[in-house]
Every structure is written in C-alpha cells, then in structure tokens.
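J.: Right, I'll just put the structure down here and ask away after.
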Amino acid sequence: MNMEEKLVNSKTIYDGKVIKVIKDKVICPNGNESYREIIKHNGGAAVLCINELEEVLLIKQYRYAYNEILYEIPAGKLEKDEDPYNAALRELEEETAFKAKELIKLGSIYPTCGYSSEIIHLFLAKDCKITKTNFDDDEFIISEFIPLNKVKDMIKNGIIKDAKTICAISYYELNK
C-alpha cells in the first residue's frame, strides 16, 4: 500500500534565525487534499559524557518554552551543512568546559516527527579533559556530574523530561 503524500504547493509562513515554518498542501494516498505545517530545522547534536565513576554530565538551564529549569545532556543546533560530530564536540566544550578526545555515535532521533524536520544526533564522549566554557550571550548553564543510577531514577520519576537526554541514556544502556 502506498502511504506517501504528494506535494501540491508550499508556502513559507515564517523564516527566522533558528527555524523556518512552511505550510504544504498535499494529496493523501486516498486522493484527499490536506495541509501540513512543518518546522524546518537544521538539526542538532547532543553529547552523553559519563566519567570513570559512572557519573553523567548534565546541564541545568532555564527553557523559556516550558518556563522550567531542565536537566539535559549538552547539546546545540547545527549550523547549515555542519557536521554533527564537530557540532557535538563544540557544544560539549562550550557548555561544560569538557573537551572529548573522541565521540562515538549512539544514534539519531526525530524528536517531534509530526511537525518538525529536526534530527538530533547523539554521541558518547570518550576521554574528556577540562578546558573552559564559552557560553553564548543568551546561555546561563550550570553543569554537574550525577551518578548514572540517580539519573535513571530521575528519568523514571519524571524529573528529567528532555527527550534527547532520555534517548541518549537508553542508547547507552542498550549498548553496554
């Protein structure tokens, strides 16, 4: 059964610094017309850093969209055509002052597949050394190491809600 939709036309509704919003008219597999509103996003890269004591490096930062301070793994958006590996290295050091000698790809996730083209690439950091942070002008971040078992409890109890963090821990646990 053909499940693909065919594009009839596309209109840009908003074109900003981080996202672009488009409205597409499509023909569904059954022949009906419908509309799809899509957020176009360059994607992101995120890094799971676990030290020799089995502690996870998490950051805490205020997220305006949720009006909450969230626990997350270090991450950031990709610049146009940027290699996710290089973005992950950059974001880890900028946000936490840790520089990884090597990154291992854990996987990629589609965080909001119903309305966004964003793909987040997840990496595991290896052999990290302390350097210095380099926050963006609008970033206010606290980083800390938390034991892996406590992080898993924080996920289980709804304290950690961030999808990329939950997925990175899941990938890590599944590939031990």
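Just remember, in the structure tokens the first chain shown is A, the second B, etc., residues are 1-based per chain, and ligands are 1-based in the order shown.
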Tell me which protein, DNA and RNA residues are within 6 Å of region 111-127 of chain A, counting only C-alpha atoms, leaving out same-chain ones fewer than 5 positions away, and put them as a compact mmCIF listing (two decimals) with N, CA, C and O atoms, in the first residue's frame.
T.:
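Generated output (out.txt):
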```txt
# COMPACT_ATOMS: atom_id res chain seq x y z
N ILE A 38 4.93 22.53 8.83
CA ILE A 38 6.21 21.92 9.18
C ILE A 38 7.20 22.97 9.65
O ILE A 38 7.36 24.02 9.02
N ILE A 39 7.90 22.65 10.74
CA ILE A 39 9.01 23.47 11.19
C ILE A 39 10.28 22.88 10.57
O ILE A 39 10.62 21.72 10.81
N LYS A 40 10.95 23.66 9.76
CA LYS A 40 12.22 23.24 9.17
C LYS A 40 13.34 23.66 10.12
O LYS A 40 13.38 24.81 10.56
N HIS A 41 14.20 22.72 10.45
CA HIS A 41 15.26 22.95 11.43
C HIS A 41 16.52 22.25 10.96
O HIS A 41 16.45 21.13 10.44
N GLY A 43 18.72 20.81 12.60
CA GLY A 43 19.05 19.65 13.43
C GLY A 43 19.99 20.04 14.55
O GLY A 43 20.35 21.21 14.73
N GLY A 44 20.36 19.04 15.32
CA GLY A 44 21.22 19.30 16.46
C GLY A 44 22.13 18.13 16.76
O GLY A 44 22.03 17.06 16.16
N ALA A 45 23.03 18.36 17.70
CA ALA A 45 23.94 17.32 18.17
C ALA A 45 23.98 17.40 19.68
O ALA A 45 23.97 18.49 20.27
N ALA A 46 24.00 16.22 20.32
CA ALA A 46 24.00 16.15 21.77
C ALA A 46 25.03 15.12 22.22
O ALA A 46 25.31 14.15 21.51
N VAL A 47 25.57 15.34 23.43
CA VAL A 47 26.68 14.51 23.91
C VAL A 47 26.39 13.95 25.29
O VAL A 47 26.11 14.69 26.22
N LEU A 48 26.50 12.64 25.38
CA LEU A 48 26.43 11.96 26.67
C LEU A 48 27.86 11.75 27.14
O LEU A 48 28.66 11.09 26.46
N CYS A 49 28.18 12.35 28.28
CA CYS A 49 29.52 12.24 28.85
C CYS A 49 29.39 11.52 30.18
O CYS A 49 28.71 12.01 31.09
N ALA A 100 36.26 16.42 24.54
CA ALA A 100 36.36 14.98 24.32
C ALA A 100 37.46 14.68 23.30
O ALA A 100 37.58 15.38 22.29
N LYS A 101 38.24 13.65 23.58
CA LYS A 101 39.25 13.20 22.62
C LYS A 101 38.57 12.49 21.45
O LYS A 101 39.04 12.56 20.31
N GLU A 102 37.43 11.84 21.75
CA GLU A 102 36.72 11.06 20.73
C GLU A 102 35.23 11.02 21.06
O GLU A 102 34.83 11.08 22.22
N LEU A 103 34.43 10.94 20.01
CA LEU A 103 32.99 10.75 20.16
C LEU A 103 32.58 9.47 19.43
O LEU A 103 33.10 9.18 18.36
N ILE A 104 31.67 8.73 20.03
CA ILE A 104 31.11 7.54 19.40
C ILE A 104 29.64 7.80 19.13
O ILE A 104 28.91 8.23 20.04
N LYS A 105 29.20 7.57 17.92
CA LYS A 105 27.80 7.81 17.55
C LYS A 105 26.91 6.80 18.25
O LYS A 105 27.10 5.60 18.15
N LEU A 106 25.94 7.28 19.00
CA LEU A 106 24.95 6.42 19.66
C LEU A 106 23.75 6.18 18.75
O LEU A 106 23.18 5.10 18.75
```
J.: Would you pick out the contacts of Thr165 (chain A) at 10 Å or less, using only C-alpha atoms, so that residues sharing its chain but fewer than 3 positions from it are not included, and give the list as a list in words?
T.: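 In the requested form, the answer reads Ala46, Val47, Leu48, Leu58, Tyr71, Glu72, Ile73, Pro74, Ala75, Leu122, Val151, Ile155, Ile160, Lys161, Asp162, Ala168, Ile169, Ser170 and Tyr171 of chain A.
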J.: For Glu139 (chain A), which of A:Phe98, A:Leu78, A:Arg63, A:Pro84 is the closest residue, counting only C-alpha atoms?
T.: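 Looking only at the distances to Glu139 (chain A), the closest residue turns out to be A:Arg63.
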J.: Would you list, as a PyMOL selection string, the residues of chain A that end up in helix (DSSP H, G or I) under DSSP run on this structure's backbone?
T.: chain A and resi 84-96+148-156+163-174
J.: Which residue out of A:Ile50, A:Cys28, A:Ile69, A:Ile166 has the minimum interatomic distance to Ile141 (chain A) when only C-alpha atoms are used?
T.: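 Of all the options, A:Ile69 lies closest to Ile141 (chain A).
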J.: So what do you get for CA of Leu70 (chain A) versus CA of Ala163 (chain A), distance-wise?
T.: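 Going from CA of Leu70 (chain A) over to CA of Ala163 (chain A) covers 11.1 Å.
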J.: Tell me, which residues of region 24-174 of chain A carry DSSP strand (DSSP E), written as a PyMOL selection string?
T.: chain A and resi 24-27+33-41+44-49+55-63+68-72+75-77+98-109+120-130+141-147
J.: Could the residues in this selection be written to a file with C-alpha atoms, as an mmCIF file, in the first residue's frame?
T.:
```
data_model
loop_
_atom_site.group_PDB
_atom_site.id
_atom_site.type_symbol
_atom_site.label_atom_id
_atom_site.label_comp_id
_atom_site.auth_asym_id
_atom_site.auth_seq_id
_atom_site.Cartn_x
_atom_site.Cartn_y
_atom_site.Cartn_z
ATOM 1 C CA ASP A 24 2.314 22.490 2.427
ATOM 2 C CA LYS A 25 -0.775 21.413 0.545
ATOM 3 C CA VAL A 26 -0.624 17.660 -0.093
ATOM 4 C CA ILE A 27 -2.608 14.892 -1.743
ATOM 5 C CA GLU A 33 -6.256 17.080 -0.042
ATOM 6 C CA SER A 34 -4.790 18.131 3.292
ATOM 7 C CA TYR A 35 -2.319 20.604 4.774
ATOM 8 C CA ARG A 36 0.929 20.022 6.661
ATOM 9 C CA GLU A 37 2.539 22.728 8.789
ATOM 10 C CA ILE A 38 6.213 21.916 9.183
ATOM 11 C CA ILE A 39 9.010 23.467 11.191
ATOM 12 C CA LYS A 40 12.217 23.242 9.167
ATOM 13 C CA HIS A 41 15.262 22.949 11.435
ATOM 14 C CA GLY A 44 21.223 19.302 16.457
ATOM 15 C CA ALA A 45 23.944 17.321 18.169
ATOM 16 C CA ALA A 46 23.996 16.153 21.774
ATOM 17 C CA VAL A 47 26.678 14.511 23.905
ATOM 18 C CA LEU A 48 26.434 11.957 26.666
ATOM 19 C CA CYS A 49 29.520 12.240 28.848
ATOM 20 C CA GLU A 55 28.514 9.713 36.620
ATOM 21 C CA VAL A 56 26.647 11.535 33.858
ATOM 22 C CA LEU A 57 27.498 15.124 32.970
ATOM 23 C CA LEU A 58 24.201 17.025 32.922
ATOM 24 C CA ILE A 59 23.473 20.678 32.452
ATOM 25 C CA LYS A 60 20.681 22.652 34.056
ATOM 26 C CA GLN A 61 19.213 25.569 32.184
ATOM 27 C CA TYR A 62 16.017 27.550 32.025
ATOM 28 C CA ARG A 63 13.907 26.699 28.984
ATOM 29 C CA GLU A 68 11.151 25.469 33.686
ATOM 30 C CA ILE A 69 14.727 24.700 34.569
ATOM 31 C CA LEU A 70 15.517 21.392 32.868
ATOM 32 C CA TYR A 71 18.226 18.763 33.239
ATOM 33 C CA GLU A 72 19.749 17.861 29.873
ATOM 34 C CA ALA A 75 23.587 19.919 23.026
ATOM 35 C CA GLY A 76 23.162 22.554 20.392
ATOM 36 C CA LYS A 77 21.854 23.290 16.958
ATOM 37 C CA PHE A 98 34.966 19.449 28.796
ATOM 38 C CA LYS A 99 36.775 18.530 25.607
ATOM 39 C CA ALA A 100 36.363 14.977 24.317
ATOM 40 C CA LYS A 101 39.248 13.199 22.624
ATOM 41 C CA GLU A 102 36.723 11.056 20.728
ATOM 42 C CA LEU A 103 32.988 10.747 20.165
ATOM 43 C CA ILE A 104 31.112 7.535 19.402
ATOM 44 C CA LYS A 105 27.801 7.815 17.554
ATOM 45 C CA LEU A 106 24.954 6.425 19.656
ATOM 46 C CA GLY A 107 22.183 7.102 17.134
ATOM 47 C CA SER A 108 19.857 9.768 15.796
ATOM 48 C CA ILE A 109 16.370 10.721 16.908
ATOM 49 C CA ILE A 120 19.246 15.216 16.763
ATOM 50 C CA HIS A 121 22.479 13.223 16.516
ATOM 51 C CA LEU A 122 23.511 11.593 19.792
ATOM 52 C CA PHE A 123 27.125 10.906 20.737
ATOM 53 C CA LEU A 124 29.026 9.336 23.617
ATOM 54 C CA ALA A 125 32.105 11.306 24.705
ATOM 55 C CA LYS A 126 35.342 9.478 25.411
ATOM 56 C CA ASP A 127 38.452 10.624 27.234
ATOM 57 C CA CYS A 128 37.306 14.088 28.364
ATOM 58 C CA LYS A 129 39.615 16.775 29.687
ATOM 59 C CA ILE A 130 38.619 20.025 31.396
ATOM 60 C CA ILE A 141 24.067 26.999 32.314
ATOM 61 C CA ILE A 142 25.143 25.005 35.356
ATOM 62 C CA SER A 143 26.801 21.631 34.745
ATOM 63 C CA GLU A 144 27.259 18.791 37.213
ATOM 64 C CA PHE A 145 28.072 15.103 37.333
ATOM 65 C CA ILE A 146 25.254 12.922 38.674
ATOM 66 C CA PRO A 147 25.590 9.153 39.262
#
```
J.: Please report the interatomic distance between CA of Leu92 (chain A) and CA of Gly16 (chain A) in Å with one decimal.
T.: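 These two atoms are separated by 25.1 Å.
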J.: Which one of A:Glu5, A:Asp136, A:Met154, A:Ile13 sits closest to Asn32 (chain A) if you count only C-alpha atoms?
T.: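 The answer is A:Glu5, which sits nearest to Asn32 (chain A).
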J.: Just how far from CA of Asn86 (chain A) is CA of Lys152 (chain A), in Å to one decimal?
T.: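 One can read the CA of Lys152 (chain A) to CA of Asn86 (chain A) distance as 27.7 Å.
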J.: Determine the nearest neighbour of Ala87 (chain A) from the options A:Asp15, A:Asn42, A:Lys20, A:Val8, counting only C-alpha atoms.
T.: A:Asn42
J.: Which of these residues is nearest to Thr131 (chain A), using only C-alpha atoms: A:Leu148, A:Cys167, A:Ala97, A:Leu7?
T.: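 Counting only C-alpha atoms, the residue closest to Thr131 (chain A) is A:Ala97.
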J.: I'd like to know which of A:Lys23, A:Leu53, A:Glu82, A:Tyr172 is closest to Asn9 (chain A), using only C-alpha atoms.
T.: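 Using only C-alpha atoms, Asn9 (chain A) sits closest to A:Lys23.
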